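Structure below is query-v9.txt: compact mmCIF, C-alpha atoms and all ligand atoms.
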# COMPACT_ATOMS: atom_id res chain seq x y z
CA MET A 1 -18.75 -35.78 -27.15
CA PRO A 2 -18.53 -32.11 -26.04
CA PRO A 3 -19.93 -31.47 -22.55
CA ASP A 4 -23.52 -30.33 -21.99
CA ARG A 5 -24.38 -26.61 -21.99
CA MET A 6 -23.56 -24.90 -18.70
CA SER A 7 -26.65 -24.36 -16.54
CA PRO A 8 -26.91 -21.25 -14.31
CA GLN A 9 -26.45 -23.51 -11.27
CA VAL A 10 -23.25 -25.05 -12.60
CA PHE A 11 -22.03 -21.60 -13.67
CA ALA A 12 -22.58 -20.41 -10.09
CA ILE A 13 -20.60 -23.20 -8.42
CA LEU A 14 -17.79 -23.31 -11.00
CA SER A 15 -17.29 -19.53 -11.06
CA ALA A 16 -17.25 -19.55 -7.23
CA LEU A 17 -14.47 -22.16 -7.32
CA VAL A 18 -12.42 -19.99 -9.70
CA LEU A 19 -13.08 -16.88 -7.61
CA ASP A 20 -11.92 -18.65 -4.50
CA ARG A 21 -8.70 -19.91 -6.10
CA CYS A 22 -7.49 -16.87 -8.02
CA GLY A 23 -9.85 -13.95 -7.34
CA MET A 24 -11.06 -13.70 -10.93
CA HIS A 25 -14.70 -12.70 -10.94
CA PHE A 26 -17.08 -13.81 -13.68
CA ASP A 27 -20.60 -12.39 -13.47
CA THR A 28 -23.56 -13.69 -15.46
CA GLY A 29 -22.64 -11.37 -18.35
CA HIS A 30 -19.45 -13.40 -18.73
CA ALA A 31 -21.29 -16.74 -18.51
CA PRO A 32 -21.11 -17.59 -22.26
CA ILE A 33 -17.35 -17.06 -22.59
CA PHE A 34 -16.75 -18.70 -19.21
CA GLY A 35 -18.92 -21.65 -20.31
CA ASP A 36 -17.01 -22.06 -23.59
CA LYS A 37 -13.61 -22.02 -21.93
CA VAL A 38 -14.65 -24.42 -19.16
CA ALA A 39 -16.30 -26.77 -21.66
CA ALA A 40 -13.16 -26.88 -23.81
CA ARG A 41 -11.01 -27.62 -20.77
CA ALA A 42 -13.49 -30.23 -19.43
CA GLN A 43 -13.53 -31.99 -22.80
CA GLU A 44 -9.75 -32.06 -22.89
CA ALA A 45 -9.79 -33.61 -19.40
CA GLY A 46 -12.25 -36.27 -20.64
CA PHE A 47 -15.54 -35.08 -19.07
CA GLU A 48 -18.92 -35.06 -20.80
CA SER A 49 -20.77 -33.56 -17.85
CA LEU A 50 -19.78 -30.15 -16.47
CA LEU A 51 -21.25 -31.13 -13.10
CA ASP A 52 -18.95 -34.17 -13.01
CA TYR A 53 -16.07 -31.87 -13.95
CA TYR A 54 -17.00 -29.60 -11.02
CA TYR A 55 -17.01 -32.56 -8.59
CA PHE A 56 -13.66 -33.66 -9.95
CA LEU A 57 -12.17 -30.17 -9.46
CA ARG A 58 -13.62 -29.86 -5.99
CA TYR A 59 -13.12 -33.29 -4.47
CA ASP A 60 -10.73 -35.44 -6.50
CA ALA A 61 -7.04 -35.78 -5.62
CA GLY A 62 -6.14 -34.48 -9.09
CA GLY A 63 -8.66 -31.65 -8.90
CA SER A 64 -6.31 -28.96 -7.65
CA LYS A 65 -3.90 -29.47 -10.56
CA GLU A 66 -6.77 -29.43 -13.05
CA LEU A 67 -8.12 -26.23 -11.47
CA ASP A 68 -4.72 -24.63 -12.13
CA ALA A 69 -5.02 -25.74 -15.77
CA LEU A 70 -8.52 -24.29 -15.98
CA ILE A 71 -7.29 -20.98 -14.57
CA GLU A 72 -4.50 -20.96 -17.18
CA ALA A 73 -7.26 -21.18 -19.78
CA LEU A 74 -9.30 -18.37 -18.18
CA VAL A 75 -6.66 -15.68 -17.53
CA VAL A 76 -6.46 -12.73 -19.87
CA GLY A 77 -2.80 -12.06 -20.54
CA GLU A 78 -3.25 -9.02 -22.80
CA THR A 79 -0.06 -6.96 -22.63
CA TYR A 80 2.53 -5.38 -24.94
CA LEU A 81 5.87 -3.63 -24.91
CA PHE A 82 5.92 0.06 -23.89
CA ARG A 83 2.30 -0.14 -22.70
CA GLU A 84 1.32 2.89 -20.59
CA LEU A 85 4.88 4.11 -20.85
CA PRO A 86 4.67 7.62 -19.26
CA PRO A 87 3.74 6.26 -15.79
CA LEU A 88 6.63 3.76 -15.96
CA GLU A 89 9.02 6.54 -16.97
CA ALA A 90 7.74 8.64 -14.08
CA VAL A 91 8.37 5.79 -11.62
CA VAL A 92 11.89 5.35 -12.93
CA ASN A 93 12.76 9.05 -13.05
CA GLU A 94 11.02 10.19 -9.87
CA LEU A 95 11.55 7.19 -7.61
CA VAL A 96 14.12 4.69 -8.84
CA VAL A 97 16.85 7.02 -10.14
CA PRO A 98 16.83 9.12 -6.90
CA ALA A 99 16.86 5.95 -4.75
CA VAL A 100 19.92 4.62 -6.59
CA ALA A 101 21.57 8.06 -6.40
CA ALA A 102 21.00 7.96 -2.64
CA GLY A 103 22.96 4.70 -2.47
CA ARG A 104 20.03 2.31 -2.09
CA ARG A 105 19.35 -0.82 -4.14
CA PRO A 106 15.61 -0.47 -4.70
CA ARG A 107 13.45 -3.55 -5.11
CA ILE A 108 10.65 -3.35 -7.69
CA TRP A 109 7.87 -5.91 -8.00
CA CYS A 110 5.85 -6.30 -11.18
CA ALA A 111 2.96 -8.17 -9.59
CA ALA A 112 1.08 -9.63 -12.58
CA CYS A 113 3.50 -9.48 -15.47
CA SER A 114 1.77 -11.86 -17.90
CA THR A 115 4.22 -12.77 -20.71
CA GLY A 116 6.81 -10.27 -19.49
CA GLU A 117 6.48 -7.24 -21.75
CA GLU A 118 5.99 -4.88 -18.78
CA PRO A 119 9.06 -5.88 -16.71
CA HIS A 120 11.17 -6.01 -19.89
CA THR A 121 10.05 -2.45 -20.69
CA LEU A 122 11.02 -1.44 -17.16
CA ALA A 123 14.39 -3.17 -17.54
CA MET A 124 15.00 -1.26 -20.79
CA LEU A 125 14.27 2.06 -19.08
CA LEU A 126 16.74 1.17 -16.32
CA ALA A 127 19.39 -0.13 -18.74
CA ALA A 128 19.12 3.08 -20.77
CA ARG A 129 19.93 5.01 -17.58
CA GLY A 130 22.81 2.68 -16.72
CA ILE A 131 21.21 1.47 -13.49
CA LEU A 132 19.84 -1.97 -14.39
CA GLY A 133 22.44 -3.64 -12.18
CA GLU A 134 21.65 -1.34 -9.24
CA VAL A 135 18.05 -2.47 -8.95
CA GLU A 136 16.33 -5.75 -8.09
CA ILE A 137 13.31 -6.61 -10.23
CA VAL A 138 10.88 -9.39 -9.30
CA ALA A 139 8.22 -10.23 -11.90
CA SER A 140 5.40 -12.62 -11.09
CA ASP A 141 2.15 -13.95 -12.44
CA ILE A 142 -0.28 -16.73 -11.58
CA SER A 143 0.19 -18.26 -15.03
CA THR A 144 3.20 -20.55 -15.36
CA ARG A 145 2.63 -20.74 -19.11
CA SER A 146 2.90 -16.93 -19.40
CA LEU A 147 6.02 -16.94 -17.24
CA GLU A 148 7.67 -19.54 -19.48
CA ARG A 149 7.18 -17.23 -22.43
CA ALA A 150 8.40 -14.26 -20.41
CA ARG A 151 11.61 -16.10 -19.51
CA SER A 152 12.31 -16.79 -23.18
CA GLY A 153 12.69 -13.05 -23.83
CA ARG A 154 11.02 -13.53 -27.21
CA PHE A 155 7.77 -11.96 -28.31
CA SER A 156 5.50 -12.03 -31.31
CA ARG A 157 5.19 -8.96 -33.52
CA ARG A 158 1.89 -8.22 -31.74
CA ALA A 159 3.91 -7.24 -28.68
CA LEU A 160 5.08 -4.13 -30.51
CA ARG A 161 2.31 -1.63 -31.24
CA GLN A 162 4.34 1.51 -31.74
CA GLU A 163 7.75 2.60 -33.01
CA VAL A 164 10.62 1.41 -30.83
CA PRO A 165 11.35 4.41 -28.56
CA PRO A 166 14.92 5.79 -28.82
CA PHE A 167 15.87 4.59 -25.32
CA ALA A 168 15.24 0.98 -26.37
CA ALA A 169 17.43 1.08 -29.48
CA GLY A 170 20.05 -1.64 -29.20
CA LEU A 171 18.10 -3.45 -26.45
CA LEU A 172 15.85 -5.47 -28.72
CA GLU A 173 15.92 -6.92 -32.20
CA VAL A 174 12.90 -6.95 -34.45
CA ASP A 175 12.67 -9.22 -37.47
CA GLU A 176 9.89 -10.93 -39.39
CA ARG A 177 9.81 -13.83 -36.88
CA GLY A 178 9.23 -11.53 -33.92
CA ILE A 179 11.10 -9.61 -31.24
CA ALA A 180 14.06 -10.73 -29.18
CA VAL A 181 15.04 -8.74 -26.12
CA ALA A 182 18.69 -8.46 -25.05
CA ARG A 183 19.42 -11.48 -22.86
CA ARG A 184 20.85 -9.35 -20.05
CA LEU A 185 17.44 -7.74 -19.54
CA THR A 186 15.64 -11.06 -19.13
CA GLU A 187 18.38 -12.31 -16.83
CA ALA A 188 18.21 -9.21 -14.64
CA ILE A 189 14.63 -10.12 -13.70
CA ARG A 190 13.69 -12.77 -11.13
CA TRP A 191 10.65 -14.57 -12.54
CA GLN A 192 8.35 -16.26 -10.09
CA GLN A 193 4.88 -17.81 -10.01
CA VAL A 194 2.79 -15.98 -7.39
CA ASN A 195 -0.97 -15.98 -6.87
CA LEU A 196 -1.99 -12.56 -5.53
CA ILE A 197 -4.70 -14.29 -3.46
CA ASP A 198 -2.08 -16.30 -1.59
CA ASP A 199 -1.10 -14.38 1.54
CA ALA A 200 1.92 -16.52 2.40
CA ALA A 201 3.36 -16.50 -1.14
CA VAL A 202 3.04 -12.72 -1.36
CA ALA A 203 4.52 -12.18 2.12
CA ALA A 204 7.51 -14.41 1.24
CA LEU A 205 8.58 -11.93 -1.45
CA GLY A 206 9.77 -9.40 1.12
CA THR A 207 9.28 -5.66 0.78
CA PHE A 208 9.61 -3.30 -2.17
CA GLU A 209 10.08 0.41 -2.83
CA VAL A 210 7.85 0.10 -5.89
CA VAL A 211 5.04 -2.32 -6.73
CA LEU A 212 3.48 -2.30 -10.20
CA CYS A 213 0.05 -3.92 -10.40
CA ARG A 214 -1.42 -2.71 -13.64
CA ASN A 215 -4.50 -3.88 -15.50
CA VAL A 216 -5.17 -6.72 -13.08
CA LEU A 217 -7.60 -5.37 -10.48
CA ILE A 218 -10.24 -5.08 -13.22
CA TYR A 219 -10.60 -8.88 -13.17
CA PHE A 220 -11.43 -8.94 -9.45
CA ASN A 221 -14.62 -7.97 -7.63
CA ASP A 222 -14.45 -5.09 -5.13
CA LYS A 223 -13.93 -7.33 -2.11
CA THR A 224 -11.04 -9.22 -3.71
CA ALA A 225 -9.54 -6.01 -5.14
CA ARG A 226 -9.58 -4.45 -1.66
CA GLU A 227 -7.88 -7.52 -0.17
CA VAL A 228 -5.25 -7.58 -2.91
CA ILE A 229 -4.54 -3.86 -2.50
CA ASP A 230 -4.07 -4.36 1.26
CA ARG A 231 -1.79 -7.33 0.59
CA LEU A 232 0.31 -5.28 -1.86
CA ALA A 233 0.38 -2.32 0.53
CA GLY A 234 1.76 -4.72 3.14
CA ARG A 235 4.72 -5.39 0.82
CA LEU A 236 5.65 -1.71 0.49
CA THR A 237 8.47 -0.20 2.51
CA GLY A 238 7.60 3.02 4.38
CA GLY A 239 7.38 5.68 1.68
CA GLY A 240 7.07 2.96 -0.99
CA THR A 241 4.80 3.39 -4.00
CA LEU A 242 2.12 1.32 -5.72
CA LEU A 243 1.30 2.01 -9.36
CA VAL A 244 -1.91 0.72 -10.93
CA GLY A 245 -3.13 0.96 -14.53
CA VAL A 246 -4.11 4.31 -16.04
CA SER A 247 -7.79 3.32 -16.11
CA GLU A 248 -7.76 2.01 -12.53
CA SER A 249 -8.20 4.03 -9.35
CA LEU A 250 -7.92 2.91 -5.76
CA LEU A 251 -9.83 5.82 -4.30
CA ARG A 252 -13.19 4.04 -4.09
CA PHE A 253 -11.56 1.25 -2.10
CA GLY A 254 -10.67 3.58 0.78
CA THR A 255 -7.04 2.47 0.80
CA GLN A 256 -4.60 3.44 3.56
CA LEU A 257 -2.23 4.53 0.76
CA ALA A 258 -2.04 8.23 -0.11
CA CYS A 259 -2.77 9.18 -3.71
CA GLU A 260 -0.07 11.53 -4.97
CA GLU A 261 0.62 13.08 -8.34
CA GLN A 262 4.19 12.90 -9.57
CA ALA A 263 5.25 14.09 -13.00
CA GLY A 264 1.57 14.08 -14.02
CA VAL A 265 1.02 10.49 -12.89
CA PHE A 266 -1.14 9.27 -9.99
CA MET A 267 0.70 6.94 -7.64
CA TYR A 268 -0.22 5.49 -4.23
CA LYS A 269 2.26 6.04 -1.46
CA LYS A 270 2.62 4.23 1.86
CA VAL A 271 2.90 6.99 4.39
CA SER A 272 5.52 5.88 6.88
C1 LIG B 301 -4.11 -8.08 -18.61
S1 LIG B 301 -2.70 -8.85 -17.90
C2 LIG B 301 -1.78 -7.43 -17.34
C3 LIG B 301 -0.32 -7.54 -17.68
C4 LIG B 301 0.52 -6.30 -17.40
N1 LIG B 301 0.50 -5.97 -15.98
C5 LIG B 301 0.09 -5.11 -18.23
O1 LIG B 301 -0.44 -4.14 -17.67
O2 LIG B 301 0.29 -5.14 -19.44
C6 LIG B 301 -3.41 -9.49 -16.37
C7 LIG B 301 -2.55 -10.56 -15.73
O3 LIG B 301 -3.05 -10.81 -14.39
C8 LIG B 301 -2.78 -12.15 -14.10
N2 LIG B 301 -3.58 -12.57 -12.92
C9 LIG B 301 -4.92 -12.73 -12.83
N3 LIG B 301 -5.25 -13.16 -11.59
C10 LIG B 301 -4.09 -13.27 -10.89
C11 LIG B 301 -3.78 -13.67 -9.57
N4 LIG B 301 -4.72 -14.04 -8.71
N5 LIG B 301 -2.48 -13.65 -9.19
C12 LIG B 301 -1.52 -13.26 -10.05
N6 LIG B 301 -1.74 -12.89 -11.32
C13 LIG B 301 -3.02 -12.88 -11.73
C14 LIG B 301 -3.12 -12.88 -15.38
O4 LIG B 301 -2.51 -14.16 -15.45
C15 LIG B 301 -2.59 -11.91 -16.43
O5 LIG B 301 -1.30 -12.27 -16.85

Is it possible to give me this structure as structure tokens?
Ligand SMILES: C[S@@+](CC[C@H](N)C(=O)[O-])C[C@H]1O[C@@H](n2cnc3c(N)ncnc32)[C@H](O)[C@@H]1O
Amino acid sequence: MPPDRMSPQVFAILSALVLDRCGMHFDTGHAPIFGDKVAARAQEAGFESLLDYYYFLRYDAGGSKELDALIEALVVGETYLFRELPPLEAVVNELVVPAVAAGRRPRIWCAACSTGEEPHTLAMLLAARGILGEVEIVASDISTRSLERARSGRFSRRALRQEVPPFAAGLLEVDERGIAVARRLTEAIRWQQVNLIDDAAVAALGTFEVVLCRNVLIYFNDKTAREVIDRLAGRLTGGGTLLVGVSESLLRFGTQLACEEQAGVFMYKKVS
């Protein structure tokens, strides 16, 4: 039997559990979709009562693993190749190319890469400039399922929503079954599961000249977003840059990072 309908009380305690584990914030407006996804997951795990499911998640030895599975079901992995391309091109042209020319080996972290379209796009931009091997790219996400797909280097046709730009010609193959990215791009990226809420896991990554964290902060409440921004800022080298999504701004969070415009793109710089 499918589980009972989610009461406001159970919504409150279950959404608090999810918030605490991964930072994703569901307000009462999201209650119906949250309820559907939790109910489907609870049924799969063999629960008829959502309150029992909550107690299992919270107190049972297997609860932590099941909470990870629930979060897999709740994350929104919407992404596609060449998404918000001009800011990525600006990062490459204004920051990465000069760093390589200056003899450095810049480290770039794509901090919530979903199924990998964003870091693969970055890798294509670097390959087209002949500097893919001069750069270290780390791509992470909380979702191990998304990362598995990212590591395959294969995408559905939905991952391509525009013409293939000239710089990417020869770096991917498109046929009726989908898109396959050149293996050397996928292999140039270090894929890793990282929860942005986990201080120690984030700190263990080291420091970066560039951090991309695009279209992720929108899923967090202000408090969590502020904490994540501080955590990411802590991973930047002096003079390093954080790039967020085109519809996101850090200004209302009062960040220590300085907002700068480069090549028409707003970026956030760690003033050393
Ligand atoms: C909408 S996708 C953005 C993908 C890509 N950055 C882009 O702009 O196309 C949001 C991603 O954030 C990830 N995410 C959500 N909460 C996270 C957390 N606490 N730690 C790491 N990743 C998280 C989700 O798994 C999802 O893949």

Measuring between all atoms listed in the file, which one of A:Gly239, A:Cys113, A:Ala128, A:Asp230 shows the shortest distance to Trp191 (chain A)?
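Among A:Gly239, A:Cys113, A:Ala128, A:Asp230, it is A:Cys113 that comes nearest to Trp191 (chain A).
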
With a distance cut-off of 12 Å and only C-alpha atoms, select the neighbouring residues of Gly133 (chain A), excluding the residue or stretch itself and same-chain residues fewer than 3 positions from it, and output the selection as a ChimeraX atom specification.
/A:100,104-107,123-124,126-130,136-137,184-185,187-189

Taking only C-alpha atoms and all ligand atoms into account, which of A:His25, A:Lys223, A:Arg252, A:Arg5 comes nearest ligand LIG 301 (chain B)?
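Among A:His25, A:Lys223, A:Arg252, A:Arg5, it is A:His25 that comes nearest to ligand LIG 301 (chain B).
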
Quick one: pull the distance between CA of Gly206 (chain A) and CA of Gln256 (chain A), Å, one decimal.
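If I compute the distance from CA of Gly206 (chain A) to CA of Gln256 (chain A), I get 19.4 Å.
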
Near ligand LIG 301 (chain B), 8 Å: chain A residue rows, closest pairs, all atoms listed in the file, as a tab-separated table:
residue	atom	partner	partner_atom	distance
A:Arg21	CA	B:LIG301	N4	7.6
A:Cys22	CA	B:LIG301	N4	4.0
A:Gly23	CA	B:LIG301	N4	5.3
A:Met24	CA	B:LIG301	N3	5.9
A:Glu72	CA	B:LIG301	O4	7.3
A:Val75	CA	B:LIG301	O4	4.9
A:Val76	CA	B:LIG301	C15	5.2
A:Gly77	CA	B:LIG301	O5	4.0
A:Glu78	CA	B:LIG301	C1	4.4
A:Thr79	CA	B:LIG301	O2	3.7
A:Tyr80	CA	B:LIG301	O2	5.9
A:Leu81	CA	B:LIG301	O2	8.0
A:Arg83	CA	B:LIG301	O2	6.3
A:Glu84	CA	B:LIG301	O1	7.8
A:Cys110	CA	B:LIG301	N1	7.2
A:Ala111	CA	B:LIG301	C12	6.8
A:Ala112	CA	B:LIG301	N6	4.5
A:Cys113	CA	B:LIG301	N1	4.6
A:Ser114	CA	B:LIG301	O5	3.3
A:Thr115	CA	B:LIG301	O5	6.8
A:Gly116	CA	B:LIG301	C4	7.7
A:Glu117	CA	B:LIG301	O2	6.9
A:Glu118	CA	B:LIG301	O2	5.7
A:Ser140	CA	B:LIG301	C12	7.0
A:Asp141	CA	B:LIG301	N6	4.2
A:Ile142	CA	B:LIG301	C12	4.0
A:Ser143	CA	B:LIG301	O4	4.9
A:Ser146	CA	B:LIG301	O5	6.8
A:Gln193	CA	B:LIG301	C12	7.9
A:Val194	CA	B:LIG301	C12	5.7
A:Asn195	CA	B:LIG301	N5	3.6
A:Leu196	CA	B:LIG301	N5	3.9
A:Ile197	CA	B:LIG301	N4	5.3
A:Asp198	CA	B:LIG301	N4	7.9
A:Leu212	CA	B:LIG301	N1	7.5
A:Cys213	CA	B:LIG301	N1	6.0
A:Arg214	CA	B:LIG301	O1	4.4
A:Asn215	CA	B:LIG301	O1	4.6
A:Val216	CA	B:LIG301	C6	4.6
A:Tyr219	CA	B:LIG301	C9	6.9
A:Phe220	CA	B:LIG301	N3	7.8
A:Gly245	CA	B:LIG301	O1	6.6

Please identify all polymer residues within 8 Å of region 39-41 of chain A, counting all atoms listed in the file, omitting same-chain residues fewer than 2 positions from it, and present them as a ChimeraX atom specification.
/A:2-3,35-37,43-45,50,70,73

Dump C-alpha atoms for the selected residues as an mmCIF file, keeping the file's coordinate frame?
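Final output, saved to selection.cif:
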data_model
loop_
_atom_site.group_PDB
_atom_site.id
_atom_site.type_symbol
_atom_site.label_atom_id
_atom_site.label_comp_id
_atom_site.auth_asym_id
_atom_site.auth_seq_id
_atom_site.Cartn_x
_atom_site.Cartn_y
_atom_site.Cartn_z
ATOM 1 C CA PRO A 2 -18.530 -32.110 -26.040
ATOM 2 C CA PRO A 3 -19.930 -31.470 -22.550
ATOM 3 C CA GLY A 35 -18.920 -21.650 -20.310
ATOM 4 C CA ASP A 36 -17.010 -22.060 -23.590
ATOM 5 C CA LYS A 37 -13.610 -22.020 -21.930
ATOM 6 C CA GLN A 43 -13.530 -31.990 -22.800
ATOM 7 C CA GLU A 44 -9.750 -32.060 -22.890
ATOM 8 C CA ALA A 45 -9.790 -33.610 -19.400
ATOM 9 C CA LEU A 50 -19.780 -30.150 -16.470
ATOM 10 C CA LEU A 70 -8.520 -24.290 -15.980
ATOM 11 C CA ALA A 73 -7.260 -21.180 -19.780
#

Between CA of Arg161 (chain A) and CA of Val96 (chain A), what is the distance in Å, rounded to a tenth?
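Pair CA of Arg161 (chain A) / CA of Val96 (chain A) returns 26.1 Å.
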
Box time for region 231-248 of chain A: axis-aligned, enclosing all its listed atoms, 6 Å extra on each side; report centre and edge lengths in Å to one decimal, as lines of an AutoDock Vina configuration file.
center_x = 0.3
center_y = -0.8
center_z = -5.9
size_x = 28.3
size_y = 25.0
size_z = 32.5

Closest of A:Ile33, A:Ala90, A:Leu171, A:Ala182 to Arg151 (chain A) - atom-to-atom distances counting all atoms listed in the file:
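Going through A:Ile33, A:Ala90, A:Leu171, A:Ala182 one by one, the smallest distance to Arg151 (chain A) is for A:Ala182.
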
Of the residues A:Arg183, A:Lys65, A:Arg149, A:Arg190, which is the one nearest to Gly170 (chain A), using only C-alpha atoms?
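Using only C-alpha atoms, Gly170 (chain A) sits closest to A:Arg183.
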
Nearest to Gln192 (chain A): which of A:Ala150, A:Val174, A:Leu251, A:Leu132 is it, counting only C-alpha atoms?
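Of all the options, A:Ala150 lies closest to Gln192 (chain A).
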
Have a look at A:Thr241, A:Thr186, A:Ser152, A:Thr224 and name the one nearest to Asp20 (chain A); count only C-alpha atoms.
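Residue with the minimum atom-to-atom distance to Asp20 (chain A): A:Thr224.
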
In the coordinates of the file, take the point (2.4, -6.7, 1.6) and a cut-off of 12 Å; then, counting only C-alpha atoms, name each qualifying protein, DNA or RNA residue as a ChimeraX atom specification.
/A:109,111,196-211,227-238,240-242,270

Grab the residues selected above and save them as a CSV table (one decimal), in the frame of the given file with C-alpha atoms.
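And here is the file that came out, result.csv:
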chain,number,residue,atom,x,y,z
A,109,TRP,CA,7.9,-5.9,-8.0
A,111,ALA,CA,3.0,-8.2,-9.6
A,196,LEU,CA,-2.0,-12.6,-5.5
A,197,ILE,CA,-4.7,-14.3,-3.5
A,198,ASP,CA,-2.1,-16.3,-1.6
A,199,ASP,CA,-1.1,-14.4,1.5
A,200,ALA,CA,1.9,-16.5,2.4
A,201,ALA,CA,3.4,-16.5,-1.1
A,202,VAL,CA,3.0,-12.7,-1.4
A,203,ALA,CA,4.5,-12.2,2.1
A,204,ALA,CA,7.5,-14.4,1.2
A,205,LEU,CA,8.6,-11.9,-1.4
A,206,GLY,CA,9.8,-9.4,1.1
A,207,THR,CA,9.3,-5.7,0.8
A,208,PHE,CA,9.6,-3.3,-2.2
A,209,GLU,CA,10.1,0.4,-2.8
A,210,VAL,CA,7.8,0.1,-5.9
A,211,VAL,CA,5.0,-2.3,-6.7
A,227,GLU,CA,-7.9,-7.5,-0.2
A,228,VAL,CA,-5.2,-7.6,-2.9
A,229,ILE,CA,-4.5,-3.9,-2.5
A,230,ASP,CA,-4.1,-4.4,1.3
A,231,ARG,CA,-1.8,-7.3,0.6
A,232,LEU,CA,0.3,-5.3,-1.9
A,233,ALA,CA,0.4,-2.3,0.5
A,234,GLY,CA,1.8,-4.7,3.1
A,235,ARG,CA,4.7,-5.4,0.8
A,236,LEU,CA,5.6,-1.7,0.5
A,237,THR,CA,8.5,-0.2,2.5
A,238,GLY,CA,7.6,3.0,4.4
A,240,GLY,CA,7.1,3.0,-1.0
A,241,THR,CA,4.8,3.4,-4.0
A,242,LEU,CA,2.1,1.3,-5.7
A,270,LYS,CA,2.6,4.2,1.9

Rounded to one decimal, what separation in Å do you get between CA of Met267 (chain A) and CA of Leu243 (chain A)?
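Separation of CA of Met267 (chain A) and CA of Leu243 (chain A): 5.3 Å.
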